[in-house]
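Everything below belongs to structure.pdb, which stores PDB, C-alpha atoms.
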```
ATOM      1  CA  MET A 847       6.526  62.496 -18.555
ATOM      2  CA  THR A 848       8.230  59.385 -17.217
ATOM      3  CA  ASP A 849       6.803  56.020 -18.236
ATOM      4  CA  VAL A 850       5.998  54.127 -15.090
ATOM      5  CA  SER A 851       6.673  50.792 -16.808
ATOM      6  CA  THR A 852      10.322  51.792 -17.532
ATOM      7  CA  ALA A 853      10.966  53.174 -14.084
ATOM      8  CA  GLU A 854      13.588  51.634 -11.823
ATOM      9  CA  PRO A 855      12.437  48.341 -10.286
ATOM     10  CA  ARG A 856      10.964  48.545  -6.855
ATOM     11  CA  ALA A 857      13.381  48.061  -4.011
ATOM     12  CA  THR A 858      10.935  45.902  -2.170
ATOM     13  CA  GLU A 859      10.587  42.956  -4.510
ATOM     14  CA  ASP A 860       8.832  39.860  -3.306
ATOM     15  CA  LYS A 861      11.314  37.459  -1.810
ATOM     16  CA  PRO A 862      10.749  33.764  -2.361
ATOM     17  CA  THR A 863       9.455  32.101   0.757
ATOM     18  CA  ARG A 864      11.542  29.221   2.065
ATOM     19  CA  ARG A 865       9.642  25.989   2.551
ATOM     20  CA  ILE A 866      10.348  23.500   5.298
ATOM     21  CA  THR A 867      11.356  20.229   3.703
ATOM     22  CA  SER A 868      10.705  16.702   4.909
ATOM     23  CA  LEU A 869      14.442  16.283   5.619
ATOM     24  CA  GLU A 870      14.375  19.142   8.105
ATOM     25  CA  VAL A 871      11.286  17.714   9.787
ATOM     26  CA  LEU A 872      13.032  14.338  10.074
ATOM     27  CA  CYS A 873      16.094  15.969  11.660
ATOM     28  CA  VAL A 874      13.922  17.733  14.244
ATOM     29  CA  LEU A 875      12.126  14.487  15.090
ATOM     30  CA  LEU A 876      15.445  12.679  15.505
ATOM     31  CA  VAL A 877      16.721  15.378  17.867
ATOM     32  CA  VAL A 878      13.521  15.211  19.917
ATOM     33  CA  ALA A 879      13.768  11.424  20.034
ATOM     34  CA  LEU A 880      17.358  11.587  21.284
ATOM     35  CA  LEU A 881      16.547  14.156  23.954
ATOM     36  CA  GLY A 882      13.479  12.241  25.170
ATOM     37  CA  GLN A 883      14.960   8.774  24.813
ATOM     38  CA  SER A 884      14.355   7.680  28.399
ATOM     39  CA  TRP A 885      10.753   8.901  28.372
ATOM     40  CA  LEU A 886      10.061   7.216  25.039
ATOM     41  CA  THR A 887      11.532   3.941  26.293
ATOM     42  CA  SER A 888       9.255   3.861  29.333
ATOM     43  CA  TRP A 889       6.197   4.881  27.304
ATOM     44  CA  LEU A 890       6.788   2.254  24.608
ATOM     45  CA  ASP A 891       7.370  -0.527  27.132
ATOM     46  CA  VAL A 892       3.750  -1.645  26.849
ATOM     47  CA  GLY A 893       2.649  -4.906  25.272
ATOM     48  CA  SER A 894      -0.042  -3.466  22.994
ATOM     49  CA  ILE A 895       2.201  -0.668  21.758
ATOM     50  CA  GLN A 896       5.017  -3.089  21.047
ATOM     51  CA  THR A 897       2.600  -5.340  19.157
ATOM     52  CA  GLY A 898       1.280  -2.414  17.146
ATOM     53  CA  ALA A 899       4.789  -1.227  16.353
ATOM     54  CA  THR A 900       5.734  -4.710  15.173
ATOM     55  CA  ILE A 901       2.668  -4.888  12.922
ATOM     56  CA  PHE A 902       3.345  -1.407  11.538
ATOM     57  CA  VAL A 903       6.932  -2.304  10.668
ATOM     58  CA  ALA A 904       5.821  -5.648   9.184
ATOM     59  CA  VAL A 905       3.191  -4.023   6.947
ATOM     60  CA  CYS A 906       5.624  -1.381   5.692
ATOM     61  CA  VAL A 907       8.507  -3.824   5.221
ATOM     62  CA  GLN A 908       6.258  -6.255   3.345
ATOM     63  CA  ALA A 909       4.847  -3.574   1.068
ATOM     64  CA  LEU A 910       7.889  -1.335   0.495
ATOM     65  CA  PRO A 911       9.842  -3.613  -1.900
ATOM     66  CA  PHE A 912       6.756  -4.051  -4.059
ATOM     67  CA  LEU A 913       6.015  -0.321  -3.877
ATOM     68  CA  VAL A 914       9.546   0.360  -5.126
ATOM     69  CA  LEU A 915       9.002  -2.187  -7.907
ATOM     70  CA  GLY A 916       5.778  -0.423  -8.828
ATOM     71  CA  VAL A 917       7.302   3.036  -9.038
ATOM     72  CA  LEU A 918      10.196   1.685 -11.117
ATOM     73  CA  ILE A 919       7.714   0.135 -13.542
ATOM     74  CA  SER A 920       5.774   3.401 -13.474
ATOM     75  CA  GLY A 921       8.909   5.376 -14.293
ATOM     76  CA  ALA A 922       9.817   2.967 -17.082
ATOM     77  CA  ILE A 923       6.353   3.335 -18.627
ATOM     78  CA  ALA A 924       6.598   7.125 -18.465
ATOM     79  CA  ALA A 925      10.090   7.284 -19.953
ATOM     80  CA  PHE A 926      10.345   4.427 -22.426
ATOM     81  CA  VAL A 927       6.837   3.371 -23.495
ATOM     82  CA  PRO A 928       5.155   5.743 -25.971
ATOM     83  CA  ALA A 929       1.453   6.309 -25.443
ATOM     84  CA  THR A 930       0.811   5.339 -29.059
ATOM     85  CA  ALA A 931       2.320   1.894 -28.446
ATOM     86  CA  LEU A 932      -0.028   1.204 -25.551
ATOM     87  CA  ASN A 933      -3.037   2.289 -27.528
ATOM     88  CA  ARG A 934      -2.044   0.034 -30.450
ATOM     89  CA  LEU A 935      -1.825  -3.010 -28.178
ATOM     90  CA  LEU A 936      -5.251  -2.546 -26.613
ATOM     91  CA  PRO A 937      -8.562  -3.297 -28.314
ATOM     92  CA  LYS A 938     -10.494  -0.200 -29.304
ATOM     93  CA  LYS A 939     -13.555  -1.225 -27.304
ATOM     94  CA  GLN A 940     -13.222  -0.944 -23.532
ATOM     95  CA  ALA A 941     -15.492  -3.960 -23.065
ATOM     96  CA  ALA A 942     -12.767  -6.106 -24.642
ATOM     97  CA  ALA A 943      -9.773  -4.161 -23.293
ATOM     98  CA  VAL A 944     -10.817  -4.551 -19.641
ATOM     99  CA  PRO A 945     -10.580  -8.392 -19.552
ATOM    100  CA  LEU A 946      -7.250  -8.181 -21.376
ATOM    101  CA  ALA A 947      -5.917  -5.867 -18.666
ATOM    102  CA  GLY A 948      -7.143  -8.270 -15.997
ATOM    103  CA  VAL A 949      -5.369 -11.208 -17.629
ATOM    104  CA  ALA A 950      -2.217  -9.064 -18.009
ATOM    105  CA  GLY A 951      -2.082  -8.850 -14.221
ATOM    106  CA  VAL A 952      -1.171 -12.547 -14.141
ATOM    107  CA  ALA A 953       2.222 -11.757 -15.648
ATOM    108  CA  LEU A 954       3.248  -8.988 -13.227
ATOM    109  CA  PRO A 955       4.085 -10.078  -9.639
ATOM    110  CA  THR A 956       3.218  -6.916  -7.720
ATOM    111  CA  CYS A 957       1.270  -6.198  -4.570
ATOM    112  CA  GLU A 958      -1.538  -3.665  -4.370
ATOM    113  CA  CYS A 959       0.870  -0.881  -3.365
ATOM    114  CA  ALA A 960       2.919  -1.354  -6.534
ATOM    115  CA  ALA A 961      -0.148  -1.496  -8.778
ATOM    116  CA  VAL A 962      -1.384   1.980  -7.781
ATOM    117  CA  PRO A 963       1.449   4.057  -9.334
ATOM    118  CA  VAL A 964       1.488   1.764 -12.373
ATOM    119  CA  ALA A 965      -2.249   2.303 -12.901
ATOM    120  CA  ARG A 966      -1.822   6.069 -12.634
ATOM    121  CA  ARG A 967       0.986   6.011 -15.182
ATOM    122  CA  LEU A 968      -1.149   3.986 -17.571
ATOM    123  CA  MET A 969      -3.879   6.627 -17.273
ATOM    124  CA  GLN A 970      -1.368   9.383 -17.969
ATOM    125  CA  GLN A 971      -0.213   7.521 -21.053
ATOM    126  CA  GLY A 972      -3.715   7.614 -22.484
ATOM    127  CA  VAL A 973      -4.911   4.143 -21.454
ATOM    128  CA  PRO A 974      -8.662   4.222 -20.647
ATOM    129  CA  THR A 975      -9.310   4.582 -16.929
ATOM    130  CA  SER A 976     -11.425   1.445 -16.795
ATOM    131  CA  VAL A 977      -8.563  -0.611 -18.255
ATOM    132  CA  ALA A 978      -6.013   0.826 -15.807
ATOM    133  CA  LEU A 979      -8.320   0.123 -12.860
ATOM    134  CA  ALA A 980      -8.881  -3.456 -13.984
ATOM    135  CA  PHE A 981      -5.117  -3.942 -14.027
ATOM    136  CA  LEU A 982      -4.839  -2.279 -10.606
ATOM    137  CA  LEU A 983      -7.210  -4.845  -9.089
ATOM    138  CA  ALA A 984      -5.947  -7.901 -10.979
ATOM    139  CA  ALA A 985      -2.172  -7.572 -10.689
ATOM    140  CA  PRO A 986      -1.857  -8.019  -6.894
ATOM    141  CA  ALA A 987      -4.382 -10.859  -6.732
ATOM    142  CA  VAL A 988      -3.817 -13.190  -9.677
ATOM    143  CA  ASN A 989      -0.054 -13.098 -10.254
ATOM    144  CA  PRO A 990       1.981 -16.333  -9.958
ATOM    145  CA  VAL A 991       3.610 -15.388  -6.643
ATOM    146  CA  VAL A 992       0.241 -14.995  -4.911
ATOM    147  CA  LEU A 993      -1.182 -18.170  -6.414
ATOM    148  CA  VAL A 994       1.852 -20.233  -5.409
ATOM    149  CA  ALA A 995       1.693 -18.813  -1.889
ATOM    150  CA  THR A 996      -1.986 -19.741  -1.698
ATOM    151  CA  ASN A 997      -1.220 -23.278  -2.790
ATOM    152  CA  VAL A 998       1.487 -23.587  -0.138
ATOM    153  CA  ALA A 999      -0.793 -22.176   2.577
ATOM    154  CA  PHE A1000      -3.632 -24.578   1.686
ATOM    155  CA  PRO A1001      -1.839 -27.822   0.718
ATOM    156  CA  ASN A1002      -4.925 -29.922   1.409
ATOM    157  CA  ASN A1003      -7.278 -27.617  -0.486
ATOM    158  CA  PRO A1004      -5.817 -26.966  -3.956
ATOM    159  CA  GLU A1005      -9.224 -25.769  -5.106
ATOM    160  CA  MET A1006      -8.600 -22.574  -3.125
ATOM    161  CA  VAL A1007      -6.099 -21.503  -5.797
ATOM    162  CA  ALA A1008      -8.651 -21.761  -8.612
ATOM    163  CA  ALA A1009     -11.342 -20.121  -6.474
ATOM    164  CA  ARG A1010      -9.073 -17.196  -5.611
ATOM    165  CA  LEU A1011      -7.944 -16.767  -9.221
ATOM    166  CA  VAL A1012     -11.489 -16.718 -10.600
ATOM    167  CA  GLY A1013     -12.934 -14.578  -7.783
ATOM    168  CA  SER A1014     -10.180 -11.953  -7.999
ATOM    169  CA  LEU A1015     -10.136 -11.848 -11.790
ATOM    170  CA  ALA A1016     -13.920 -11.488 -11.881
ATOM    171  CA  THR A1017     -13.688  -8.611  -9.377
ATOM    172  CA  ALA A1018     -11.179  -6.767 -11.561
ATOM    173  CA  ILE A1019     -13.133  -7.243 -14.784
ATOM    174  CA  ILE A1020     -16.521  -6.338 -13.302
ATOM    175  CA  MET A1021     -15.130  -3.190 -11.659
ATOM    176  CA  GLY A1022     -13.515  -2.200 -14.951
ATOM    177  CA  TRP A1023     -16.794  -2.642 -16.781
ATOM    178  CA  LEU A1024     -18.691  -0.748 -14.082
ATOM    179  CA  TRP A1025     -16.257   2.146 -14.318
ATOM    180  CA  ALA A1026     -16.531   2.179 -18.110
ATOM    181  CA  ARG A1027     -20.310   2.421 -17.757
ATOM    182  CA  PHE A1028     -20.770   4.696 -14.735
ATOM    183  CA  GLY A1029     -17.377   6.259 -13.920
ATOM    184  CA  LYS A1030     -16.724   9.970 -14.424
ATOM    185  CA  ALA A1031     -13.378  11.599 -15.129
ATOM    186  CA  GLU A1032     -14.080  14.464 -12.712
ATOM    187  CA  TRP A1033     -14.003  12.014  -9.807
ATOM    188  CA  ILE A1034     -10.249  11.624 -10.368
ATOM    189  CA  ILE A1035      -7.933  14.511  -9.554
ATOM    190  CA  GLU A1036      -6.511  16.294 -12.581
ATOM    191  CA  ARG A1037      -2.839  15.512 -11.951
ATOM    192  CA  ALA A1038      -3.547  11.772 -12.043
ATOM    193  CA  LEU A1039      -4.933  12.082 -15.576
ATOM    194  CA  ARG A1040      -2.599  14.759 -16.912
ATOM    195  CA  ARG A1041      -0.962  13.512 -20.105
ATOM    196  CA  LEU A1042       2.814  13.392 -19.979
ATOM    197  CA  PRO A1043       4.810  14.975 -22.810
ATOM    198  CA  GLU A1044       6.799  12.576 -24.939
ATOM    199  CA  PRO A1045      10.402  12.723 -23.670
ATOM    200  CA  GLN A1046      13.320  13.387 -25.974
ATOM    201  CA  GLY A1047      15.738  10.489 -26.409
ATOM    202  CA  ARG A1048      18.519  12.156 -24.413
ATOM    203  CA  THR A1049      16.361  12.801 -21.357
ATOM    204  CA  ARG A1050      14.617   9.439 -21.005
ATOM    205  CA  TRP A1051      16.822   8.119 -18.188
ATOM    206  CA  LYS A1052      16.563  11.424 -16.340
ATOM    207  CA  LEU A1053      12.783  11.304 -16.665
ATOM    208  CA  PHE A1054      12.811   7.689 -15.457
ATOM    209  CA  PHE A1055      14.666   8.536 -12.242
ATOM    210  CA  GLU A1056      12.729  11.749 -11.587
ATOM    211  CA  THR A1057       9.357  10.056 -12.117
ATOM    212  CA  SER A1058      10.275   7.059  -9.961
ATOM    213  CA  ARG A1059      11.523   9.274  -7.144
ATOM    214  CA  ALA A1060       8.443  11.502  -7.221
ATOM    215  CA  ASP A1061       6.076   8.517  -7.238
ATOM    216  CA  LEU A1062       7.934   6.871  -4.350
ATOM    217  CA  VAL A1063       7.764   9.988  -2.186
ATOM    218  CA  ASP A1064       4.112  10.532  -3.090
ATOM    219  CA  ALA A1065       2.962   6.978  -2.403
ATOM    220  CA  GLY A1066       5.328   6.276   0.499
ATOM    221  CA  GLY A1067       3.646   8.775   2.804
ATOM    222  CA  PHE A1068       0.246   7.197   2.279
ATOM    223  CA  LEU A1069       1.744   3.752   2.809
ATOM    224  CA  VAL A1070       2.883   4.914   6.251
ATOM    225  CA  ILE A1071      -0.604   6.241   7.026
ATOM    226  CA  GLY A1072      -2.155   2.960   5.945
ATOM    227  CA  GLY A1073       0.385   0.982   7.963
ATOM    228  CA  LEU A1074      -0.362   2.979  11.097
ATOM    229  CA  THR A1075      -4.093   2.435  10.624
ATOM    230  CA  ALA A1076      -3.611  -1.294  10.131
ATOM    231  CA  ALA A1077      -1.423  -1.527  13.250
ATOM    232  CA  VAL A1078      -3.957   0.252  15.447
ATOM    233  CA  LEU A1079      -6.827  -1.891  14.190
ATOM    234  CA  ASN A1080      -4.840  -5.108  14.590
ATOM    235  CA  VAL A1081      -4.283  -4.295  18.247
ATOM    236  CA  ALA A1082      -7.816  -3.029  18.867
ATOM    237  CA  ILE A1083      -9.660  -6.058  17.431
ATOM    238  CA  PRO A1084      -9.551  -9.034  19.849
ATOM    239  CA  ARG A1085      -8.420 -12.218  18.136
ATOM    240  CA  SER A1086     -10.960 -14.179  20.205
ATOM    241  CA  TRP A1087     -13.766 -12.526  18.233
ATOM    242  CA  VAL A1088     -12.535 -14.260  15.095
ATOM    243  CA  ASP A1089     -11.970 -17.638  16.736
ATOM    244  CA  THR A1090     -15.540 -17.836  18.088
ATOM    245  CA  LEU A1091     -17.297 -17.417  14.726
ATOM    246  CA  GLY A1092     -17.176 -21.138  14.008
ATOM    247  CA  GLU A1093     -20.013 -22.305  11.779
ATOM    248  CA  GLN A1094     -21.847 -18.976  11.532
ATOM    249  CA  ILE A1095     -21.153 -18.804   7.828
ATOM    250  CA  VAL A1096     -22.907 -15.522   6.953
ATOM    251  CA  LEU A1097     -21.390 -13.724   9.917
ATOM    252  CA  GLY A1098     -18.061 -15.335   9.090
ATOM    253  CA  VAL A1099     -18.130 -13.992   5.537
ATOM    254  CA  ILE A1100     -18.937 -10.488   6.750
ATOM    255  CA  VAL A1101     -16.318 -10.503   9.496
ATOM    256  CA  MET A1102     -13.580 -11.915   7.283
ATOM    257  CA  ALA A1103     -14.351  -9.360   4.574
ATOM    258  CA  VAL A1104     -14.100  -6.525   7.093
ATOM    259  CA  LEU A1105     -10.925  -7.990   8.593
ATOM    260  CA  ALA A1106      -9.351  -8.132   5.141
ATOM    261  CA  VAL A1107      -9.928  -4.384   4.845
ATOM    262  CA  LEU A1108      -8.680  -3.572   8.334
ATOM    263  CA  LEU A1109      -5.651  -5.855   8.608
ATOM    264  CA  ALA A1110      -4.140  -4.575   5.322
ATOM    265  CA  LEU A1111      -1.922  -7.597   4.686
ATOM    266  CA  CYS A1112       0.304  -7.895   1.647
ATOM    267  CA  SER A1113      -1.272 -10.165  -0.965
ATOM    268  CA  GLU A1114       1.817 -12.392  -0.990
ATOM    269  CA  ALA A1115       1.365 -13.178   2.729
ATOM    270  CA  ASP A1116      -2.378 -13.046   3.415
ATOM    271  CA  ALA A1117      -2.992 -16.715   2.514
ATOM    272  CA  PHE A1118      -0.865 -17.872   5.453
ATOM    273  CA  VAL A1119      -2.815 -15.633   7.835
ATOM    274  CA  ALA A1120      -6.142 -16.943   6.520
ATOM    275  CA  ALA A1121      -4.984 -20.546   6.783
ATOM    276  CA  SER A1122      -3.898 -19.995  10.403
ATOM    277  CA  ILE A1123      -7.399 -19.001  11.574
ATOM    278  CA  SER A1124      -8.591 -22.279  12.983
ATOM    279  CA  GLY A1125     -12.262 -23.219  13.025
ATOM    280  CA  MET A1126     -13.156 -20.907  10.143
ATOM    281  CA  PRO A1127     -14.772 -22.515   7.047
ATOM    282  CA  LEU A1128     -13.069 -22.193   3.677
ATOM    283  CA  LEU A1129     -15.628 -19.816   2.174
ATOM    284  CA  PRO A1130     -14.993 -16.943   4.643
ATOM    285  CA  LYS A1131     -11.262 -17.522   4.186
ATOM    286  CA  LEU A1132     -11.697 -17.201   0.427
ATOM    287  CA  VAL A1133     -13.596 -13.941   0.914
ATOM    288  CA  PHE A1134     -10.667 -12.716   3.008
ATOM    289  CA  LEU A1135      -8.232 -13.557   0.189
ATOM    290  CA  VAL A1136     -10.287 -11.909  -2.560
ATOM    291  CA  VAL A1137     -11.248  -8.735  -0.687
ATOM    292  CA  GLY A1138      -7.818  -7.961   0.813
ATOM    293  CA  PRO A1139      -5.868  -7.292  -2.412
ATOM    294  CA  ALA A1140      -8.831  -5.371  -3.865
ATOM    295  CA  ILE A1141      -9.394  -2.904  -1.028
ATOM    296  CA  ASP A1142      -7.896  -2.380   2.434
ATOM    297  CA  VAL A1143      -7.056   0.636   4.577
ATOM    298  CA  LYS A1144      -3.531   0.833   3.163
ATOM    299  CA  LEU A1145      -4.786   0.690  -0.410
ATOM    300  CA  PHE A1146      -7.554   3.185   0.344
ATOM    301  CA  ALA A1147      -4.964   5.655   1.649
ATOM    302  CA  LEU A1148      -2.830   5.158  -1.469
ATOM    303  CA  GLN A1149      -5.829   5.585  -3.773
ATOM    304  CA  THR A1150      -6.867   8.742  -1.943
ATOM    305  CA  GLY A1151      -3.426  10.253  -2.336
ATOM    306  CA  THR A1152      -2.992   9.134  -5.939
ATOM    307  CA  PHE A1153      -6.456   9.566  -7.479
ATOM    308  CA  GLY A1154      -8.210  11.840  -4.998
ATOM    309  CA  ARG A1155     -10.774  11.532  -2.235
ATOM    310  CA  SER A1156     -13.800  11.698  -4.563
ATOM    311  CA  PHE A1157     -12.539   8.670  -6.452
ATOM    312  CA  ALA A1158     -11.610   6.615  -3.385
ATOM    313  CA  MET A1159     -14.915   7.278  -1.607
ATOM    314  CA  ARG A1160     -16.804   5.836  -4.586
ATOM    315  CA  PHE A1161     -14.440   3.170  -5.873
ATOM    316  CA  ALA A1162     -13.580   1.540  -2.536
ATOM    317  CA  PRO A1163     -17.149   0.684  -1.359
ATOM    318  CA  ALA A1164     -18.113  -0.572  -4.820
ATOM    319  CA  THR A1165     -14.989  -2.732  -4.959
ATOM    320  CA  PHE A1166     -15.748  -4.160  -1.520
ATOM    321  CA  VAL A1167     -19.276  -5.231  -2.519
ATOM    322  CA  VAL A1168     -18.185  -6.685  -5.871
ATOM    323  CA  ALA A1169     -15.243  -8.548  -4.315
ATOM    324  CA  VAL A1170     -17.423 -10.148  -1.630
ATOM    325  CA  ALA A1171     -20.017 -11.208  -4.200
ATOM    326  CA  CYS A1172     -17.418 -12.648  -6.596
ATOM    327  CA  ALA A1173     -15.681 -14.509  -3.773
ATOM    328  CA  VAL A1174     -18.922 -16.074  -2.571
ATOM    329  CA  VAL A1175     -19.887 -17.191  -6.078
ATOM    330  CA  ALA A1176     -16.389 -18.584  -6.739
ATOM    331  CA  GLY A1177     -16.507 -20.382  -3.390
ATOM    332  CA  LEU A1178     -19.857 -21.987  -4.129
ATOM    333  CA  VAL A1179     -18.545 -23.183  -7.511
ATOM    334  CA  PHE A1180     -15.040 -24.362  -6.641
ATOM    335  CA  LEU A1181     -15.318 -25.251  -2.940
ATOM    336  CA  GLY A1182     -18.553 -27.148  -3.313
ATOM    337  CA  GLY A1183     -20.536 -25.021  -0.858
ATOM    338  CA  ILE A1184     -19.785 -23.342   2.437
ATOM    339  CA  GLY A1185     -17.303 -25.804   3.856
TER     340      GLY A1185
END
```
Let me see whether you can do it: turn the structure in this file into structure tokens.
Amino acid sequence: MTDVSTAEPRATEDKPTRRITSLEVLCVLLVVALLGQSWLTSWLDVGSIQTGATIFVAVCVQALPFLVLGVLISGAIAAFVPATALNRLLPKKQAAAVPLAGVAGVALPTCECAAVPVARRLMQQGVPTSVALAFLLAAPAVNPVVLVATNVAFPNNPEMVAARLVGSLATAIIMGWLWARFGKAEWIIERALRRLPEPQGRTRWKLFFETSRADLVDAGGFLVIGGLTAAVLNVAIPRSWVDTLGEQIVLGVIVMAVLAVLLALCSEADAFVAASISGMPLLPKLVFLVVGPAIDVKLFALQTGTFGRSFAMRFAPATFVVAVACAVVAGLVFLGGIG
């Protein structure tokens, strides 16, 4: 009797299915664009569409260099920094490690896009989630580049620098503590927390390049989605609505906080935008500067793609509330009131 298991392999073996890659999709889009060039030219010759396209390009161009910096740092952490080294540097108690992570953000000049892949890599290296999230919020808001830009944008109000530093740092630390107390690991997708194996010495550079490339492709798509959202909202919201707020301080705080989320400006450039809004008191402008680097539509898209929808839907609203509250308190202390 013939053993079925030793019989000749089946002639109809499963053939691997061929997947359509992003390069092929790009080639098809380029061909379509070339064939419909005249139609696209006439359709895009509209003021609002041109404005939106300019904003989209500006958001992506502003953020992309810092995103590349972030994924390079992320790759370097994965390839060259052992998890044991990170754990030795951090205090054992999260209550003490969270403020240390917030202060560490001062030394790393990255925008919010760059901080996302770095935070994920810290989690994968065994750093507590609360510590990584505190760094994620602090790095784009309290680094020297942002503080110098704020000082240049508000030459007659140097107290804005101290107010922004304290408000943003307080946001990062409080959110880290809140996550340590109430956060749950199941809210973050498994691949964002999956521990990386320690690389062998010969493969470290290969791991560095592979990790950086994968992170760039992963985060770049969500940067484009966030940029498109910011461009549409910039065009849809009339600028006159902002200019007429005047002395309505409570409404001004709310509107500027929402605008910070919708406009999705890079943290290195948002101070100049805030300073250019004439007739707006300093306190709403400060709220704009503290909320923007903590949570905006671009950052929400990146967090959704990196950590999962369950995380982003909880972390983003909580960050928004904490950032507004910290900005208002910092403004009352450093700006002397609502002026």
Quiz prompt | Expected selection from the PyMOL selection byres ((chain A and resi 1145) around 10), given as a list of chain:residue names | solution = A:Glu958, A:Cys959, A:Ala961, A:Val962, A:Phe1068, A:Leu1069, A:Gly1072, A:Gly1073, A:Val1107, A:Ala1110, A:Gly1138, A:Pro1139, A:Ala1140, A:Ile1141, A:Asp1142, A:Val1143, A:Lys1144, A:Phe1146, A:Ala1147, A:Leu1148, A:Gln1149, A:Thr1150, A:Gly1151, A:Ala1158, A:Ala1162
Practice problem: Evaluate the PyMOL selection byres ((chain A and resi 1165) around 8) here and jot the selected residues down as a PyMOL selection string. | Solution: chain A and resi 1017+1021+1140-1141+1161-1164+1166-1169
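You can rank A:Ala1103, A:Ile1095, A:Leu881, A:Leu1108 by their closest distance to Met1126 of chain A using all atoms listed in the file, and at the top of that list sits A:Ile1095.
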Quiz prompt | Gap from atom CA of Ala899 of chain A to atom CA of Asp1116 of chain A - Å, one decimal | solution =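 Value for the atom CA of Ala899 of chain A-atom CA of Asp1116 of chain A distance: 18.9 Å.
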Quiz item: Written as an MDAnalysis selection string, what is the full residue list that the PyMOL selection byres ((chain A and resi 995) around 12) yields on the file shown?
Solution: chainID A and resid 955 987:994 996:1001 1004 1006:1007 1010 1112:1121 1135
Reconstructed segment 995-1010 of chain A, atom set N, CA and C atoms, as a PDB file, in the coordinates of the input:
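This is the output file part-v6.pdb:
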```
ATOM      1  N   ALA A 995       1.794 -18.961  -3.339  1.00  0.00           N
ATOM      2  CA  ALA A 995       1.693 -18.813  -1.889  1.00  0.00           C
ATOM      3  C   ALA A 995       0.382 -19.386  -1.365  1.00  0.00           C
ATOM      4  N   THR A 996      -0.689 -19.185  -2.105  1.00  0.00           N
ATOM      5  CA  THR A 996      -1.986 -19.741  -1.698  1.00  0.00           C
ATOM      6  C   THR A 996      -1.960 -21.261  -1.709  1.00  0.00           C
ATOM      7  N   ASN A 997      -1.324 -21.824  -2.708  1.00  0.00           N
ATOM      8  CA  ASN A 997      -1.220 -23.278  -2.790  1.00  0.00           C
ATOM      9  C   ASN A 997      -0.393 -23.845  -1.637  1.00  0.00           C
ATOM     10  N   VAL A 998       0.655 -23.145  -1.259  1.00  0.00           N
ATOM     11  CA  VAL A 998       1.487 -23.587  -0.138  1.00  0.00           C
ATOM     12  C   VAL A 998       0.726 -23.467   1.179  1.00  0.00           C
ATOM     13  N   ALA A 999      -0.057 -22.395   1.329  1.00  0.00           N
ATOM     14  CA  ALA A 999      -0.793 -22.176   2.577  1.00  0.00           C
ATOM     15  C   ALA A 999      -1.947 -23.160   2.738  1.00  0.00           C
ATOM     16  N   PHE A1000      -2.505 -23.636   1.635  1.00  0.00           N
ATOM     17  CA  PHE A1000      -3.632 -24.578   1.686  1.00  0.00           C
ATOM     18  C   PHE A1000      -3.260 -25.864   0.932  1.00  0.00           C
ATOM     19  N   PRO A1001      -2.299 -26.632   1.456  1.00  0.00           N
ATOM     20  CA  PRO A1001      -1.839 -27.822   0.718  1.00  0.00           C
ATOM     21  C   PRO A1001      -2.916 -28.886   0.556  1.00  0.00           C
ATOM     22  N   ASN A1002      -3.863 -28.912   1.480  1.00  0.00           N
ATOM     23  CA  ASN A1002      -4.925 -29.922   1.409  1.00  0.00           C
ATOM     24  C   ASN A1002      -6.163 -29.437   0.669  1.00  0.00           C
ATOM     25  N   ASN A1003      -6.134 -28.201   0.222  1.00  0.00           N
ATOM     26  CA  ASN A1003      -7.278 -27.617  -0.486  1.00  0.00           C
ATOM     27  C   ASN A1003      -6.796 -26.886  -1.738  1.00  0.00           C
ATOM     28  N   PRO A1004      -6.319 -27.622  -2.737  1.00  0.00           N
ATOM     29  CA  PRO A1004      -5.817 -26.966  -3.956  1.00  0.00           C
ATOM     30  C   PRO A1004      -6.891 -26.186  -4.705  1.00  0.00           C
ATOM     31  N   GLU A1005      -8.148 -26.511  -4.429  1.00  0.00           N
ATOM     32  CA  GLU A1005      -9.224 -25.769  -5.106  1.00  0.00           C
ATOM     33  C   GLU A1005      -9.283 -24.306  -4.679  1.00  0.00           C
ATOM     34  N   MET A1006      -8.640 -23.972  -3.558  1.00  0.00           N
ATOM     35  CA  MET A1006      -8.600 -22.574  -3.125  1.00  0.00           C
ATOM     36  C   MET A1006      -7.854 -21.700  -4.131  1.00  0.00           C
ATOM     37  N   VAL A1007      -6.868 -22.276  -4.808  1.00  0.00           N
ATOM     38  CA  VAL A1007      -6.099 -21.503  -5.797  1.00  0.00           C
ATOM     39  C   VAL A1007      -7.002 -21.094  -6.954  1.00  0.00           C
ATOM     40  N   ALA A1008      -7.749 -22.064  -7.498  1.00  0.00           N
ATOM     41  CA  ALA A1008      -8.651 -21.761  -8.612  1.00  0.00           C
ATOM     42  C   ALA A1008      -9.756 -20.802  -8.179  1.00  0.00           C
ATOM     43  N   ALA A1009     -10.276 -20.998  -6.963  1.00  0.00           N
ATOM     44  CA  ALA A1009     -11.342 -20.121  -6.474  1.00  0.00           C
ATOM     45  C   ALA A1009     -10.837 -18.694  -6.313  1.00  0.00           C
ATOM     46  N   ARG A1010      -9.628 -18.543  -5.784  1.00  0.00           N
ATOM     47  CA  ARG A1010      -9.073 -17.196  -5.611  1.00  0.00           C
ATOM     48  C   ARG A1010      -8.796 -16.548  -6.963  1.00  0.00           C
TER      49      ARG A1010
END
```
